[in-house]
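*Asks:* My structure is below; once you've seen it, I'll send some questions.
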Amino acid sequence: MEQQPASKLSPLQLELLRIYSFNPSEKELLEIKDMLAAFFAHRYIGKVQSAAEKKGISNDTLDQWLEEDDQ
């Protein structure tokens, strides 16, 4: 069986390796995780809003769908 070459690391992965190389504290790691979560949440929300606009879905409908999941 032929081995496939290892995939290259993405620029994001390389940057994260650089961050971890300076041995951040637990507090710094939590701050980094919070920043990454906020970044990806903001990006996701933007994509949902764009898709909703293209499909003609209102914010009220999106809110209704969210409330249905809570029930």
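By order of appearance in the structure tokens: chains A, B, ..., then residues from 1 within every chain, and ligands from 1 in the order shown.
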So that I can see what lies close to segment 32-46 of chain A, please list as number ranges by chain the residues with an atom at most 12 Å from it, counting only C-alpha atoms and leaving out residues fewer than 4 positions away in the same chain.

*Replies:* A: 12, 16, 19-20, 24-28, 50-53, 59, 62

*Asks:* Just to be explicit: take each residue in the selection above, keep N, CA and C atoms, and write the result as an mmCIF file, in the first residue's frame.

*Replies:*
```
data_model
loop_
_atom_site.group_PDB
_atom_site.id
_atom_site.type_symbol
_atom_site.label_atom_id
_atom_site.label_comp_id
_atom_site.auth_asym_id
_atom_site.auth_seq_id
_atom_site.Cartn_x
_atom_site.Cartn_y
_atom_site.Cartn_z
ATOM 1 N N LEU A 12 -3.071 29.262 9.203
ATOM 2 C CA LEU A 12 -3.634 29.400 10.544
ATOM 3 C C LEU A 12 -2.966 28.428 11.519
ATOM 4 N N LEU A 16 -0.814 29.392 14.873
ATOM 5 C CA LEU A 16 -1.133 28.855 16.203
ATOM 6 C C LEU A 16 0.072 28.158 16.820
ATOM 7 N N ILE A 19 2.203 30.758 18.287
ATOM 8 C CA ILE A 19 1.643 31.257 19.547
ATOM 9 C C ILE A 19 2.004 30.314 20.680
ATOM 10 N N TYR A 20 1.809 29.014 20.447
ATOM 11 C CA TYR A 20 2.082 28.042 21.500
ATOM 12 C C TYR A 20 3.565 27.913 21.803
ATOM 13 N N PRO A 24 2.261 30.221 26.361
ATOM 14 C CA PRO A 24 1.338 31.153 27.005
ATOM 15 C C PRO A 24 0.754 30.578 28.301
ATOM 16 N N SER A 25 0.363 31.466 29.180
ATOM 17 C CA SER A 25 -0.253 31.052 30.442
ATOM 18 C C SER A 25 -1.668 30.550 30.171
ATOM 19 N N GLU A 26 -2.262 29.943 31.179
ATOM 20 C CA GLU A 26 -3.648 29.466 31.046
ATOM 21 C C GLU A 26 -4.591 30.629 30.739
ATOM 22 N N LYS A 27 -4.348 31.768 31.394
ATOM 23 C CA LYS A 27 -5.188 32.949 31.166
ATOM 24 C C LYS A 27 -5.056 33.416 29.710
ATOM 25 N N GLU A 28 -3.828 33.435 29.198
ATOM 26 C CA GLU A 28 -3.620 33.848 27.811
ATOM 27 C C GLU A 28 -4.273 32.869 26.836
ATOM 28 N N SER A 50 -26.305 36.617 5.274
ATOM 29 C CA SER A 50 -26.226 36.697 3.819
ATOM 30 C C SER A 50 -27.121 35.648 3.159
ATOM 31 N N ALA A 51 -27.074 34.435 3.660
ATOM 32 C CA ALA A 51 -27.907 33.362 3.104
ATOM 33 C C ALA A 51 -29.387 33.666 3.324
ATOM 34 N N ALA A 52 -29.722 34.187 4.495
ATOM 35 C CA ALA A 52 -31.119 34.515 4.789
ATOM 36 C C ALA A 52 -31.627 35.601 3.844
ATOM 37 N N GLU A 53 -30.795 36.606 3.589
ATOM 38 C CA GLU A 53 -31.195 37.675 2.668
ATOM 39 C C GLU A 53 -31.434 37.118 1.265
ATOM 40 N N ASN A 59 -35.353 38.280 9.847
ATOM 41 C CA ASN A 59 -34.780 38.066 11.181
ATOM 42 C C ASN A 59 -35.820 37.495 12.138
ATOM 43 N N LEU A 62 -35.913 33.816 11.585
ATOM 44 C CA LEU A 62 -34.726 33.194 12.191
ATOM 45 C C LEU A 62 -34.882 33.107 13.714
#
```

*Asks:* By how many Å are atom CA of Leu66 of chain A and atom CA of Leu30 of chain A apart?

*Replies:*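 Separating atom CA of Leu66 of chain A from atom CA of Leu30 of chain A is a distance of 27.7 Å.
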
*Asks:* Atom CA of Lys47 of chain A and atom CA of Glu15 of chain A, how far apart in Å?

*Replies:*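 Here the two named atoms are 24.4 Å from each other.
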
*Asks:* So what do you get for atom CA of Thr61 of chain A versus atom CA of Val48 of chain A, distance-wise?

*Replies:*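 Atom CA of Val48 of chain A lies 12.5 Å from atom CA of Thr61 of chain A.
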